[in-house]
file entry32.csv (CSV, C-alpha atoms)
chain,number,residue,atom,x,y,z
S,1,MET,CA,240.4,8.8,1.0
S,2,VAL,CA,243.7,10.6,1.8
S,3,GLY,CA,246.7,9.8,-0.4
S,4,ARG,CA,250.0,11.2,-1.4
S,5,PRO,CA,250.4,14.1,-3.8
S,6,ARG,CA,250.1,13.0,-7.4
S,7,LYS,CA,252.8,13.5,-10.1
S,8,ARG,CA,252.0,16.8,-11.7
S,9,ASP,CA,252.9,16.2,-15.4
S,10,GLY,CA,254.8,19.5,-15.7
S,11,LYS,CA,252.1,21.5,-13.9
S,12,THR,CA,252.6,23.6,-10.8
S,13,ARG,CA,250.3,24.0,-7.9
S,14,LEU,CA,249.7,27.6,-8.9
S,15,ASP,CA,247.9,26.3,-12.0
S,16,LEU,CA,245.0,25.9,-9.7
S,17,VAL,CA,244.3,29.6,-10.1
S,18,GLU,CA,242.8,28.8,-13.5
S,19,ASN,CA,239.8,27.5,-11.5
S,20,PRO,CA,237.3,30.4,-11.2
S,21,LEU,CA,236.7,29.8,-7.5
S,22,VAL,CA,240.4,29.7,-6.7
S,23,GLY,CA,241.2,32.5,-9.2
S,24,SER,CA,238.8,35.0,-7.5
S,25,TRP,CA,240.3,34.2,-4.1
S,26,HIS,CA,243.9,34.5,-5.3
S,27,GLU,CA,243.2,37.8,-7.0
S,28,ALA,CA,241.6,39.2,-3.8
S,29,VAL,CA,244.5,38.1,-1.6
S,30,SER,CA,247.2,39.4,-4.1
S,31,LEU,CA,245.9,42.9,-3.8
S,32,ARG,CA,247.7,43.0,-0.5
S,33,SER,CA,250.4,40.4,-1.0
S,34,GLU,CA,251.1,38.3,-4.1
S,35,LEU,CA,253.4,36.2,-2.0
S,36,SER,CA,250.7,35.3,0.5
S,37,ALA,CA,248.3,34.6,-2.4
S,38,ASP,CA,250.7,32.2,-4.0
S,39,VAL,CA,251.7,30.4,-0.8
S,40,ASN,CA,248.1,29.9,0.3
S,41,THR,CA,247.1,28.6,-3.1
S,42,ARG,CA,249.9,26.0,-3.0
S,43,LYS,CA,248.7,25.0,0.5
S,44,LEU,CA,245.1,24.6,-0.9
S,45,SER,CA,246.3,22.7,-3.9
S,46,LEU,CA,248.3,20.2,-1.8
S,47,PHE,CA,245.3,19.5,0.4
S,48,LEU,CA,242.9,19.0,-2.6
S,49,GLU,CA,245.4,16.7,-4.3
S,50,ARG,CA,245.7,14.5,-1.2
S,51,VAL,CA,242.0,14.2,-0.5
S,52,ASN,CA,241.0,14.0,-4.1
S,53,LEU,CA,238.6,17.0,-4.1
S,54,THR,CA,238.0,19.8,-6.5
S,55,PRO,CA,237.6,23.4,-5.2
S,56,ALA,CA,233.8,23.2,-5.9
S,57,GLU,CA,233.5,19.9,-4.0
S,58,LEU,CA,235.4,21.4,-1.0
S,59,VAL,CA,233.0,24.3,-0.8
S,60,SER,CA,230.0,22.0,-1.2
S,61,ALA,CA,231.2,19.7,1.5
S,62,ALA,CA,231.8,22.6,3.9
S,63,ARG,CA,228.3,23.9,3.3
S,64,GLU,CA,226.2,20.7,3.0
S,65,ASP,CA,228.1,18.0,4.8
S,66,PRO,CA,230.5,19.6,7.4
S,67,ASP,CA,230.8,16.5,9.5
S,68,ARG,CA,232.2,14.6,6.5
S,69,LEU,CA,234.7,17.3,5.8
S,70,ARG,CA,235.7,17.4,9.5
S,71,ASP,CA,236.4,13.7,9.4
S,72,LEU,CA,238.4,14.1,6.1
S,73,LEU,CA,240.5,16.9,7.7
S,74,VAL,CA,241.2,14.7,10.7
S,75,ARG,CA,242.3,11.8,8.5
S,76,TYR,CA,244.5,14.2,6.5
S,77,ALA,CA,246.2,15.5,9.7
S,78,LYS,CA,246.7,11.9,10.9
S,79,GLU,CA,248.3,10.9,7.7
S,80,LEU,CA,250.7,13.8,7.8
S,81,GLN,CA,251.6,13.0,11.4
S,82,LYS,CA,252.4,9.4,10.3
S,83,GLU,CA,254.8,10.8,7.7
S,84,GLY,CA,256.6,12.7,10.5
S,85,ARG,CA,255.2,16.1,9.8
S,86,LEU,CA,255.1,18.5,12.8
S,87,ASN,CA,251.7,19.9,13.9
S,88,THR,CA,253.0,23.4,13.0
S,89,TYR,CA,253.4,22.3,9.4
S,90,ILE,CA,250.0,20.6,9.3
S,91,ALA,CA,248.3,23.7,10.8
S,92,LYS,CA,250.0,25.9,8.1
S,93,THR,CA,248.8,23.6,5.3
S,94,LEU,CA,245.2,24.0,6.6
S,95,ASP,CA,245.5,27.8,6.6
S,96,GLY,CA,245.0,27.8,2.8
S,97,VAL,CA,241.8,25.8,3.1
S,98,ARG,CA,240.5,28.0,5.9
S,99,ALA,CA,241.3,31.2,4.0
S,100,PHE,CA,239.7,29.8,0.8
S,101,LEU,CA,236.5,28.9,2.5
S,102,HIS,CA,236.3,32.2,4.4
S,103,HIS,CA,236.7,34.1,1.1
S,104,HIS,CA,233.6,32.2,-0.2
S,105,ARG,CA,231.7,33.1,2.9
S,106,VAL,CA,231.5,29.5,4.2
S,107,GLY,CA,231.3,29.4,8.0
S,108,PHE,CA,233.1,26.1,8.5
S,109,ASP,CA,234.8,25.9,12.0
S,110,GLN,CA,235.5,22.2,12.5
S,111,PHE,CA,239.3,22.1,11.7
S,112,PRO,CA,241.4,19.6,13.7
S,113,LYS,CA,242.5,20.8,17.1
S,114,LEU,CA,246.3,20.4,17.0
S,115,THR,CA,248.8,20.9,19.8
S,116,ILE,CA,251.3,23.4,18.6
S,117,ILE,CA,254.7,23.5,20.3
S,118,ALA,CA,256.2,26.9,19.8
S,119,GLY,CA,259.6,26.8,18.1
S,120,GLU,CA,259.6,23.0,17.6
S,121,SER,CA,260.8,23.2,14.0
S,122,LEU,CA,263.6,25.5,15.1
S,123,ARG,CA,265.0,23.5,18.0
S,124,ASP,CA,268.3,22.8,16.2
S,125,GLU,CA,268.7,26.4,15.1
S,126,ARG,CA,270.6,29.3,16.7
S,127,THR,CA,272.2,32.6,15.6
S,128,PRO,CA,275.8,32.5,14.4
S,129,THR,CA,278.6,33.8,16.7
S,130,PRO,CA,280.8,36.6,15.4
S,131,GLU,CA,283.5,34.1,14.5
S,132,GLU,CA,280.9,32.0,12.5
S,133,LEU,CA,279.7,35.1,10.8
S,134,ARG,CA,283.2,35.8,9.7
S,135,ALA,CA,283.5,32.3,8.3
S,136,ILE,CA,280.3,32.8,6.4
S,137,LEU,CA,281.5,36.1,4.9
S,138,SER,CA,284.9,34.6,3.9
S,139,ALA,CA,283.1,32.0,1.8
S,140,LEU,CA,281.1,34.5,-0.2
S,141,SER,CA,281.7,36.7,-3.2
S,142,VAL,CA,281.7,40.4,-2.7
S,143,ARG,CA,278.0,40.5,-3.9
S,144,GLY,CA,277.2,37.7,-1.4
S,145,LYS,CA,279.0,39.7,1.4
S,146,VAL,CA,276.8,42.7,0.7
S,147,ILE,CA,273.6,40.6,0.9
S,148,ALA,CA,274.8,38.8,4.1
S,149,LEU,CA,275.8,42.1,5.8
S,150,LEU,CA,272.6,43.9,4.9
S,151,LEU,CA,270.9,41.2,6.9
S,152,ALA,CA,273.4,40.6,9.7
S,153,HIS,CA,274.6,44.2,10.3
S,154,SER,CA,271.6,46.3,9.1
S,155,GLY,CA,268.9,43.8,10.1
S,156,LEU,CA,267.1,44.0,6.8
S,157,ARG,CA,264.6,41.3,5.7
S,158,PRO,CA,265.6,39.6,2.4
S,159,GLY,CA,262.4,40.9,0.9
S,160,VAL,CA,263.6,44.5,1.4
S,161,VAL,CA,266.7,44.0,-0.7
S,162,GLY,CA,264.7,42.2,-3.5
S,163,THR,CA,261.0,41.5,-3.6
S,164,TYR,CA,259.2,38.2,-4.3
S,165,LYS,CA,259.1,38.6,-8.1
S,166,ALA,CA,262.0,41.1,-8.5
S,167,GLU,CA,259.6,44.0,-9.3
S,168,ASN,CA,261.1,46.2,-6.6
S,169,GLY,CA,263.9,46.4,-4.0
S,170,LEU,CA,266.3,48.7,-2.1
S,171,LYS,CA,267.7,51.4,-4.4
S,172,LEU,CA,270.9,53.5,-4.2
S,173,ARG,CA,268.7,56.5,-3.4
S,174,ASP,CA,267.8,54.8,-0.1
S,175,LEU,CA,271.4,55.1,1.0
S,176,PRO,CA,271.7,58.9,1.5
S,177,ASP,CA,275.3,58.8,2.6
S,178,LEU,CA,276.4,57.0,-0.6
S,179,GLU,CA,278.0,59.1,-3.3
S,180,VAL,CA,278.5,57.6,-6.8
S,181,GLY,CA,281.0,59.3,-9.1
S,182,PRO,CA,281.8,58.4,-12.7
S,183,ASP,CA,284.8,56.2,-11.6
S,184,ARG,CA,284.6,56.2,-7.8
S,185,VAL,CA,282.1,55.3,-5.0
S,186,THR,CA,282.4,56.7,-1.5
S,187,ILE,CA,280.5,56.5,1.8
S,188,ALA,CA,281.8,59.2,4.0
S,189,LYS,CA,279.9,58.4,7.2
S,190,ARG,CA,280.4,55.2,9.2
S,191,PRO,CA,277.9,53.9,10.2
S,192,PHE,CA,275.8,55.1,7.2
S,193,LEU,CA,272.1,55.6,7.0
S,194,VAL,CA,269.7,53.1,5.3
S,195,ARG,CA,266.2,54.3,4.7
S,196,VAL,CA,263.7,51.5,4.0
S,197,PRO,CA,260.7,52.9,2.1
S,198,GLY,CA,257.2,52.0,3.2
S,199,ARG,CA,256.6,50.0,0.0
S,200,LEU,CA,259.3,47.5,1.1
S,201,SER,CA,258.5,47.5,4.8
S,202,LYS,CA,256.5,44.6,6.3
S,203,THR,CA,254.7,47.1,8.5
S,204,ARG,CA,254.1,49.4,5.5
S,205,ARG,CA,255.8,52.3,7.1
S,206,GLU,CA,259.2,53.8,6.3
S,207,TYR,CA,261.9,53.2,8.8
S,208,VAL,CA,265.6,53.7,9.2
S,209,THR,CA,268.6,51.5,10.1
S,210,PHE,CA,272.3,51.8,9.6
S,211,GLY,CA,275.1,50.1,7.7
S,212,SER,CA,278.4,49.1,9.3
S,213,SER,CA,282.0,49.9,8.1
S,214,ASP,CA,282.3,46.3,6.9
S,215,LEU,CA,279.1,46.7,4.8
S,216,ALA,CA,280.3,50.1,3.5
S,217,GLU,CA,283.6,48.5,2.3
S,218,ALA,CA,281.9,45.6,0.7
S,219,LEU,CA,279.3,47.8,-0.9
S,220,ILE,CA,281.9,50.2,-2.4
S,221,GLN,CA,283.8,47.2,-3.8
S,222,TYR,CA,280.7,45.7,-5.3
S,223,LEU,CA,279.4,48.9,-6.9
S,224,GLU,CA,282.8,49.8,-8.4
S,225,GLN,CA,282.9,46.3,-9.8
S,226,ARG,CA,279.5,46.8,-11.4
S,227,GLN,CA,280.7,50.2,-12.9
S,228,LYS,CA,283.8,48.5,-14.3
S,229,GLY,CA,281.5,45.9,-15.9
S,230,GLY,CA,279.8,48.7,-17.8
S,231,GLU,CA,276.7,49.4,-15.6
S,232,SER,CA,275.7,53.0,-15.3
S,233,LEU,CA,274.7,53.6,-11.6
S,234,GLY,CA,272.0,56.1,-10.7
S,235,PRO,CA,269.6,56.9,-7.8
S,236,ASP,CA,267.2,54.2,-9.0
S,237,SER,CA,269.8,51.5,-9.5
S,238,PRO,CA,269.3,48.5,-7.2
S,239,VAL,CA,271.6,48.1,-4.3
S,240,VAL,CA,271.9,44.4,-5.2
S,241,THR,CA,271.3,43.3,-8.8
S,242,ILE,CA,271.3,40.0,-10.7
S,243,ALA,CA,274.5,38.1,-10.6
S,244,PRO,CA,276.6,38.3,-13.8
S,245,ARG,CA,276.4,34.5,-14.2
S,246,ALA,CA,272.6,34.7,-14.4
S,247,LYS,CA,272.4,37.2,-17.3
S,248,GLY,CA,270.2,34.8,-19.3
S,249,ASN,CA,267.8,33.8,-16.5
S,250,TRP,CA,264.0,33.7,-16.7
S,251,LEU,CA,263.6,37.3,-15.6
S,252,ARG,CA,265.5,38.6,-18.6
S,253,ALA,CA,264.0,36.0,-20.9
S,254,LYS,CA,260.5,37.1,-20.0
S,255,ARG,CA,261.5,40.9,-20.1
S,256,ARG,CA,260.4,41.2,-16.5
S,257,PHE,CA,263.9,42.2,-15.3
S,258,ALA,CA,264.2,45.7,-14.0
S,259,GLY,CA,267.6,45.4,-12.3
S,260,PHE,CA,266.3,43.8,-9.0
S,261,VAL,CA,266.7,40.2,-7.9
S,262,THR,CA,264.1,37.9,-6.4
S,263,THR,CA,264.0,37.2,-2.7
S,264,LYS,CA,264.5,33.5,-3.4
S,265,SER,CA,267.6,34.2,-5.5
S,266,LEU,CA,269.1,36.4,-2.7
S,267,THR,CA,268.7,33.8,-0.1
S,268,GLN,CA,270.1,31.0,-2.3
S,269,ASP,CA,273.2,33.0,-2.9
S,270,VAL,CA,274.2,32.9,0.7
S,271,ALA,CA,272.5,29.7,1.9
S,272,THR,CA,275.4,27.3,0.9
S,273,ALA,CA,278.0,29.4,2.8
S,274,ILE,CA,275.7,29.5,5.9
S,275,ARG,CA,275.1,25.8,5.9
S,276,ALA,CA,278.8,25.1,5.6
S,277,ALA,CA,279.6,27.3,8.6
S,278,ALA,CA,277.1,25.5,10.9
S,279,PRO,CA,278.7,23.3,13.5
S,280,ARG,CA,277.6,19.6,13.8
S,281,GLY,CA,274.1,19.4,15.2
S,282,VAL,CA,273.3,23.0,14.5
S,283,ARG,CA,271.2,24.4,11.7
S,284,PHE,CA,271.7,27.9,10.2
S,285,ARG,CA,269.1,29.5,7.8
S,286,VAL,CA,269.5,32.7,5.9
S,287,TYR,CA,267.1,34.4,8.4
S,288,CYS,CA,269.6,33.6,11.2
S,289,LEU,CA,271.6,36.5,9.8
S,290,ARG,CA,268.8,38.9,10.6
S,291,ALA,CA,268.5,37.2,14.0
S,292,TYR,CA,272.2,37.9,14.5
S,293,CYS,CA,271.5,41.6,14.1
S,294,SER,CA,268.6,41.5,16.5
S,295,THR,CA,270.7,39.6,19.1
S,296,ARG,CA,273.5,42.2,18.9
S,297,LEU,CA,271.0,45.0,19.2
S,298,LEU,CA,269.4,43.3,22.2
S,299,SER,CA,272.8,43.1,23.9
S,300,ALA,CA,273.4,46.8,23.3
S,301,GLU,CA,270.0,47.5,24.8
S,302,SER,CA,270.8,45.5,27.9
S,303,GLU,CA,274.0,47.5,28.3
S,304,GLY,CA,272.1,50.7,28.2
S,305,ARG,CA,273.6,51.8,24.8
S,306,LEU,CA,270.3,51.6,22.9
S,307,THR,CA,266.6,52.1,23.8
S,308,LYS,CA,264.0,49.5,23.0
S,309,ASP,CA,262.2,51.8,20.6
S,310,ALA,CA,265.4,52.4,18.7
S,311,ARG,CA,266.1,48.6,18.5
S,312,GLU,CA,262.6,48.0,17.2
S,313,GLU,CA,263.0,50.8,14.7
S,314,PHE,CA,266.2,49.4,13.3
S,315,MET,CA,264.6,45.9,12.9
S,316,GLY,CA,261.6,47.4,11.1
S,317,HIS,CA,259.1,46.2,13.8
S,318,ASP,CA,255.8,47.7,14.8
S,319,LEU,CA,256.8,50.3,17.4
S,320,GLY,CA,253.7,50.1,19.5
S,321,PRO,CA,251.9,53.1,21.1
S,322,SER,CA,254.9,55.0,22.4
S,323,GLY,CA,256.9,54.6,19.2
S,324,ARG,CA,254.1,55.9,17.0
S,325,TYR,CA,254.5,59.3,18.5
S,326,THR,CA,258.3,59.4,18.0
S,327,LEU,CA,260.2,57.1,15.7
S,328,SER,CA,257.2,56.2,13.4
S,329,LYS,CA,257.4,59.7,12.0
S,330,ARG,CA,259.9,60.6,9.3
S,331,LEU,CA,263.1,61.4,11.3
S,332,GLY,CA,265.0,64.6,11.0
S,333,SER,CA,268.7,64.9,10.7
S,334,GLU,CA,269.3,65.7,14.4
S,335,THR,CA,267.3,62.6,15.6
S,336,ILE,CA,269.2,60.4,13.1
S,337,GLU,CA,272.6,61.7,14.4
S,338,GLU,CA,271.5,60.8,17.9
S,339,LEU,CA,270.5,57.3,16.9
call {"tool": "encode", "arguments": {"input": "entry32.csv", "output": "structure tokens"}}
result
Amino acid sequence: MVGRPRKRDGKTRLDLVENPLVGSWHEAVSLRSELSADVNTRKLSLFLERVNLTPAELVSAAREDPDRLRDLLVRYAKELQKEGRLNTYIAKTLDGVRAFLHHHRVGFDQFPKLTIIAGESLRDERTPTPEELRAILSALSVRGKVIALLLAHSGLRPGVVGTYKAENGLKLRDLPDLEVGPDRVTIAKRPFLVRVPGRLSKTRREYVTFGSSDLAEALIQYLEQRQKGGESLGPDSPVVTIAPRAKGNWLRAKRRFAGFVTTKSLTQDVATAIRAAAPRGVRFRVYCLRAYCSTRLLSAESEGRLTKDAREEFMGHDLGPSGRYTLSKRLGSETIEEL
């Protein structure tokens, strides 16, 4: 039987990791990415709730009665379709089930065959125009402007600025052109260099991008504001820290706060302004700001002002075979000046 998710009585779907079968899988996945481990666990938990199975019963069904499990998965997919869910959503919810079974060496391959329409969930979405970006920035605090411009002008992923659980993020030392004095902050070069360490990069390699004059001005104002508030800035200080209004949030309460802010908090800070700037019938997400940067770089490439490898470098993408011999290495000062 396939039903709707039950009320959770204060529990979260991540409580499923208390189950030994799920816990061992979650621990293995989190070695590479804690975010992926949590997301897949939530997907598995949602599926198990709706089909009323335990983790052990799922493994047993996949091994001993695969036809029954196949039929259950088909009914699950049909119910979600009736609720208006896209096939892309349904396929993603099944990723958690597939990964869980694979971890336990269950060779089940009878998942529903779904027709996936690329970009279907993004059909009402586009990148902002320069005028719309200005409207977004005008609605933000100076801290919000720094976040938005790091995405829109430097092309950073939100997870670079602040990681999933705020254990890491971009530091002032990653901005070599930034100088912090006791009562003054300066950035002499425009555009200025931004080095993204490998620990924050999706491809796990260090890469460089640049900050604009607008970002430089907003960043100077923001850092000086923090200094006036009594913060002592140093090389390991976060570029973006927790908002003053959130001083008593759960990160501080649990003594897990090291100055950085969660990816979710970063995106929430600018999401309201982004949604307000969207014209009727158009949807903007925070990731549209990064797409804005990519679009502007693509335009520069088409005009011959930028190479493809340089554009991919600035966006933190995999550079492919040719880039691995050039931009994938740590760049010297002469190469950076040329870029």
call {"tool": "residues_around", "arguments": {"input": "entry32.csv", "residues": "Lys171 (chain S)", "least_positions_apart": "3", "cutoff": "7 Å", "atoms": "all atoms listed in the file", "output": "PDB file with C-alpha atoms, in the frame of the given file"}}
result
ATOM      1  CA  ASP S 174     267.800  54.800  -0.100  1.00  0.00           C
ATOM      2  CA  PRO S 235     269.600  56.900  -7.800  1.00  0.00           C
ATOM      3  CA  ASP S 236     267.200  54.200  -9.000  1.00  0.00           C
ATOM      4  CA  SER S 237     269.800  51.500  -9.500  1.00  0.00           C
ATOM      5  CA  PRO S 238     269.300  48.500  -7.200  1.00  0.00           C
ATOM      6  CA  VAL S 239     271.600  48.100  -4.300  1.00  0.00           C
TER       7      VAL S 239
END
call {"tool": "residues_around", "arguments": {"input": "entry32.csv", "residues": "Asp177 (chain S)", "least_positions_apart": "3", "cutoff": "7 Å", "atoms": "all atoms listed in the file", "output": "number ranges by chain"}}
result
S: 187-189, 192-193
call {"tool": "closest_atom_pairs", "arguments": {"input": "entry32.csv", "of": "region 109-225 of chain S", "to": "region 29-46 of chain S", "cutoff": "12 Å", "atoms": "all atoms listed in the file", "output": "JSON lines"}}
result
{"residue": "S:Gly159", "atom": "CA", "partner": "S:Leu35", "partner_atom": "CA", "distance": 10.6}
{"residue": "S:Thr163", "atom": "CA", "partner": "S:Leu35", "partner_atom": "CA", "distance": 9.4}
{"residue": "S:Tyr164", "atom": "CA", "partner": "S:Leu35", "partner_atom": "CA", "distance": 6.6}
{"residue": "S:Lys165", "atom": "CA", "partner": "S:Leu35", "partner_atom": "CA", "distance": 8.7}
{"residue": "S:Ala166", "atom": "CA", "partner": "S:Leu35", "partner_atom": "CA", "distance": 11.8}
{"residue": "S:Glu167", "atom": "CA", "partner": "S:Glu34", "partner_atom": "CA", "distance": 11.5}
{"residue": "S:Arg199", "atom": "CA", "partner": "S:Arg32", "partner_atom": "CA", "distance": 11.3}
{"residue": "S:Leu200", "atom": "CA", "partner": "S:Ser33", "partner_atom": "CA", "distance": 11.6}
{"residue": "S:Lys202", "atom": "CA", "partner": "S:Ser33", "partner_atom": "CA", "distance": 10.4}
{"residue": "S:Arg204", "atom": "CA", "partner": "S:Arg32", "partner_atom": "CA", "distance": 10.9}
call {"tool": "closest_residue", "arguments": {"input": "entry32.csv", "among": "S:Gly144, S:Gly234, S:Gly211, S:Gly316", "to": "Ala273 (chain S)", "atoms": "all atoms listed in the file"}}
result
S:Gly144
call {"tool": "closest_residue", "arguments": {"input": "entry32.csv", "among": "S:Tyr76, S:Pro197, S:Arg85, S:Arg205", "to": "Glu49 (chain S)", "atoms": "all atoms listed in the file"}}
result
S:Tyr76
call {"tool": "residues_around", "arguments": {"input": "entry32.csv", "residues": "Leu151 (chain S)", "least_positions_apart": "5", "cutoff": "12 Å", "atoms": "all atoms listed in the file", "output": "count of residues only"}}
result
32
call {"tool": "atom_distance", "arguments": {"input": "entry32.csv", "atom1": "CA of Thr241 (chain S)", "atom2": "CA of Glu313 (chain S)"}}
result
26.0 Å
call {"tool": "atom_distance", "arguments": {"input": "entry32.csv", "atom1": "CA of Asp183 (chain S)", "atom2": "CA of Ser265 (chain S)"}}
result
28.6 Å
call {"tool": "atom_distance", "arguments": {"input": "entry32.csv", "atom1": "CA of Leu101 (chain S)", "atom2": "CA of Leu53 (chain S)"}}
result
13.8 Å
call {"tool": "closest_residue", "arguments": {"input": "entry32.csv", "among": "S:Leu72, S:Ala243, S:Gly96, S:Leu223", "to": "Asn52 (chain S)", "atoms": "only C-alpha atoms"}}
result
S:Leu72
call {"tool": "closest_residue", "arguments": {"input": "entry32.csv", "among": "S:Ile220, S:Leu172, S:Ala277, S:Val240", "to": "Ser138 (chain S)", "atoms": "all atoms listed in the file"}}
result
S:Ala277
call {"tool": "residues_around", "arguments": {"input": "entry32.csv", "residues": "Leu80 (chain S)", "least_positions_apart": "3", "cutoff": "12 Å", "atoms": "all atoms listed in the file", "output": "list in words"}}
result
Val2, Gly3, Arg4, Pro5, Leu46, Phe47, Arg50, Leu73, Val74, Arg75, Tyr76, Ala77, Glu83, Gly84, Arg85, Leu86, Asn87, Thr88, Tyr89, Ile90, Ala91, Thr93 and Leu94 of chain S
call {"tool": "closest_residue", "arguments": {"input": "entry32.csv", "among": "S:Arg190, S:Arg305, S:Arg70, S:Arg226", "to": "Lys113 (chain S)", "atoms": "all atoms listed in the file"}}
result
S:Arg70
call {"tool": "closest_residue", "arguments": {"input": "entry32.csv", "among": "S:Asp71, S:Glu206, S:Glu303, S:Glu27", "to": "Val194 (chain S)", "atoms": "only C-alpha atoms"}}
result
S:Glu206
